[in-house]
Amino acid sequence: MKISLQQAIQAINAFLMMATLTLFLTPLIAQADIYMQQDTSEQIVLTNLLADSERTNLHSQYELLLEEDQRTSSKPVNTSGANANGVSQQQISDAVASASAQTAIDPALIHAVIRVESNYNAKALSPRGAQGLMQLMPSTARRFNVINPYDPVQNVLAGAQYLRELHTFFNGNMPLILAAYNAGPKAVTNHRMRIPPFMETRLYVPKVLDIYRRIRAERK
């Protein structure tokens with residue numbers, strides 16, 4: 001099925017509204033992988049039907065929007081011992097618990113952001129300069145008095161403090177909070193308090209919401 005870019009944005013907006021509602025109102029349900037591709041004619045392809053060759057072909061240009069629950073767990077990999085970067089899952093869990101206690105941000109949300117931002121790699125560095133577990137930009141790290149952005153305790157606390165700040169500013173509107181975390185609050189306010197029309201952000205928000213929903217469901 002091919003739809004226009006505007007229709008795709010509308011479809012994603014509808015999904016975001018449903019995700020926000022089902023996050024609190026419905027139990028965990030099974031779902032299929034959903035992929036998105038934008039071709040040269042500016043058409044958007046949304047599909048949950050890909051051949052095996054398309055799944056593995058690096059040139060297929062499909063972006064995985066959401067993964068099926070049966071194959072992807074919201075739990076971090078390597079839950080015991082140290083990760084490749086030398087930080088154990090217990091250290092990260094303790095950092096999340098401490099940050100949650102200090103900021104009143106749901107630990108499930110902090111874990112979801114970490115999962116999407118760095119996949120629990122405490123040494124992650126993005127091409128744009130974002131650092132650590134919660135991918136703090138240097139300016140954000142400085143604002144929250146982070147000395148070592150690769151230290152899990154400092155990084156996670158600053159990320160949670162930023163989420164608390166955004167939570168207050170956007171009155172608890174979760175899609176807008178996450179959009180602002182990804183694209184910056186000015187991008188959200190400049191687009192009339194809506195999710196900015198950036199493909200990265202449009203993909204980011206439902207991914208975090210989906211993982212957040214799954215973690216909350218697992219902990220019930």
# chains A, B, ... in the order shown; residues from 1 in each chain; ligands from 1

call {"tool": "select_by_dssp", "arguments": {"residues": "region 78-184 of chain A", "states": "alpha helix (DSSP H)", "output": "PyMOL selection string"}}
result
chain A and resi 89-103+107-118+138-143+152-169+174-183

call {"tool": "residues_around", "arguments": {"residues": "Asn121 (chain A)", "least_positions_apart": "4", "cutoff": "10 Å", "atoms": "only C-alpha atoms", "output": "ChimeraX atom specification"}}
result
/A:83-87,92,114-115,117,125,131-135,150,152

call {"tool": "residues_around", "arguments": {"residues": "Lys186 (chain A)", "least_positions_apart": "3", "cutoff": "12 Å", "atoms": "only C-alpha atoms", "output": "PDB file with C-alpha atoms, in the first residue's frame"}}
result
ATOM      1  CA  LEU A 166       9.652  18.499  29.603  1.00  0.00           C
ATOM      2  CA  PHE A 169       6.389  22.156  30.233  1.00  0.00           C
ATOM      3  CA  PHE A 170       4.115  19.950  28.104  1.00  0.00           C
ATOM      4  CA  LEU A 176       5.053  15.798  22.991  1.00  0.00           C
ATOM      5  CA  ILE A 177       7.483  15.078  25.822  1.00  0.00           C
ATOM      6  CA  ALA A 179       9.133  14.505  20.592  1.00  0.00           C
ATOM      7  CA  ALA A 180      10.817  17.323  22.512  1.00  0.00           C
ATOM      8  CA  TYR A 181      13.405  14.939  23.960  1.00  0.00           C
ATOM      9  CA  ASN A 182      14.282  13.879  20.424  1.00  0.00           C
ATOM     10  CA  ALA A 183      13.948  17.089  18.448  1.00  0.00           C
ATOM     11  CA  THR A 189       6.431  24.734  20.084  1.00  0.00           C
ATOM     12  CA  ASN A 190       7.341  26.020  16.626  1.00  0.00           C
ATOM     13  CA  HIS A 191       4.940  23.467  15.149  1.00  0.00           C
ATOM     14  CA  ARG A 192       2.008  24.612  17.253  1.00  0.00           C
ATOM     15  CA  MET A 193       2.523  22.105  20.062  1.00  0.00           C
ATOM     16  CA  ARG A 194       2.445  19.159  17.715  1.00  0.00           C
ATOM     17  CA  ILE A 195       4.989  16.497  16.864  1.00  0.00           C
ATOM     18  CA  PRO A 196       7.369  18.048  14.320  1.00  0.00           C
TER      19      PRO A 196
END

call {"tool": "atom_distance", "arguments": {"atom1": "CA of Arg164 (chain A)", "atom2": "CA of Lys207 (chain A)"}}
result
19.7 Å

call {"tool": "atom_distance", "arguments": {"atom1": "CA of Arg143 (chain A)", "atom2": "CA of Gly159 (chain A)"}}
result
11.0 Å

call {"tool": "residues_around", "arguments": {"residues": "Ala160 (chain A)", "least_positions_apart": "6", "cutoff": "9 Å", "atoms": "only C-alpha atoms", "output": "PyMOL selection string"}}
result
chain A and resi 96+99-100+102-105+110+134

call {"tool": "write_last_selection", "arguments": {"atoms": "C-alpha atoms", "output": "mmCIF file, in the first residue's frame"}}
result
data_model
loop_
_atom_site.group_PDB
_atom_site.id
_atom_site.type_symbol
_atom_site.label_atom_id
_atom_site.label_comp_id
_atom_site.auth_asym_id
_atom_site.auth_seq_id
_atom_site.Cartn_x
_atom_site.Cartn_y
_atom_site.Cartn_z
ATOM 1 C CA VAL A 96 17.448 4.348 36.812
ATOM 2 C CA ALA A 99 16.982 8.914 39.063
ATOM 3 C CA SER A 100 13.319 7.919 39.222
ATOM 4 C CA GLN A 102 14.769 11.941 42.604
ATOM 5 C CA THR A 103 12.613 13.120 39.699
ATOM 6 C CA ALA A 104 9.357 11.148 40.031
ATOM 7 C CA ILE A 105 9.731 9.992 36.424
ATOM 8 C CA ILE A 110 13.540 6.021 31.615
ATOM 9 C CA MET A 134 20.284 8.718 27.421
#

call {"tool": "residues_around", "arguments": {"residues": "Ala97 (chain A)", "least_positions_apart": "6", "cutoff": "10 Å", "atoms": "only C-alpha atoms", "output": "CSV table (one decimal) with N, CA and C atoms, in the first residue's frame"}}
result
chain,number,residue,atom,x,y,z
A,91,GLN,N,24.1,-2.0,37.5
A,91,GLN,CA,24.5,-0.6,37.6
A,91,GLN,C,23.5,0.4,36.9
A,104,ALA,N,10.7,11.6,40.2
A,104,ALA,CA,9.4,11.1,40.0
A,104,ALA,C,9.0,10.8,38.6
A,105,ILE,N,10.0,10.5,37.8
A,105,ILE,CA,9.7,10.0,36.4
A,105,ILE,C,9.7,8.5,36.5
A,106,ASP,N,8.6,7.9,35.9
A,106,ASP,CA,8.4,6.5,35.9
A,106,ASP,C,9.7,5.8,35.4
A,107,PRO,N,10.3,4.8,36.2
A,107,PRO,CA,11.4,4.1,35.7
A,107,PRO,C,11.3,3.4,34.4
A,108,ALA,N,10.0,2.9,34.1
A,108,ALA,CA,9.7,2.3,32.8
A,108,ALA,C,10.0,3.2,31.7
A,110,ILE,N,12.1,5.8,31.7
A,110,ILE,CA,13.5,6.0,31.6
A,110,ILE,C,14.2,4.8,30.9
A,111,HIS,N,13.8,3.6,31.2
A,111,HIS,CA,14.3,2.5,30.5
A,111,HIS,C,13.9,2.5,29.0
A,153,VAL,N,25.3,6.9,36.4
A,153,VAL,CA,24.5,7.7,37.4
A,153,VAL,C,24.3,9.1,37.0
A,156,VAL,N,22.0,9.2,33.5
A,156,VAL,CA,20.6,8.9,33.7
A,156,VAL,C,19.9,9.9,34.5
A,157,LEU,N,20.5,10.4,35.6
A,157,LEU,CA,19.9,11.4,36.4
A,157,LEU,C,19.6,12.7,35.5

call {"tool": "atom_distance", "arguments": {"atom1": "CA of Met199 (chain A)", "atom2": "CA of Tyr212 (chain A)"}}
result
20.3 Å

call {"tool": "closest_residue", "arguments": {"among": "A:Asn155, A:Thr140, A:Gln90, A:Asn173", "to": "Ser118 (chain A)", "atoms": "only C-alpha atoms"}}
result
A:Asn155

call {"tool": "select_by_dssp", "arguments": {"residues": "region 83-166 of chain A", "states": "strand (DSSP E or B)", "output": "PyMOL selection string"}}
result
chain A and resi 88+125+131+136
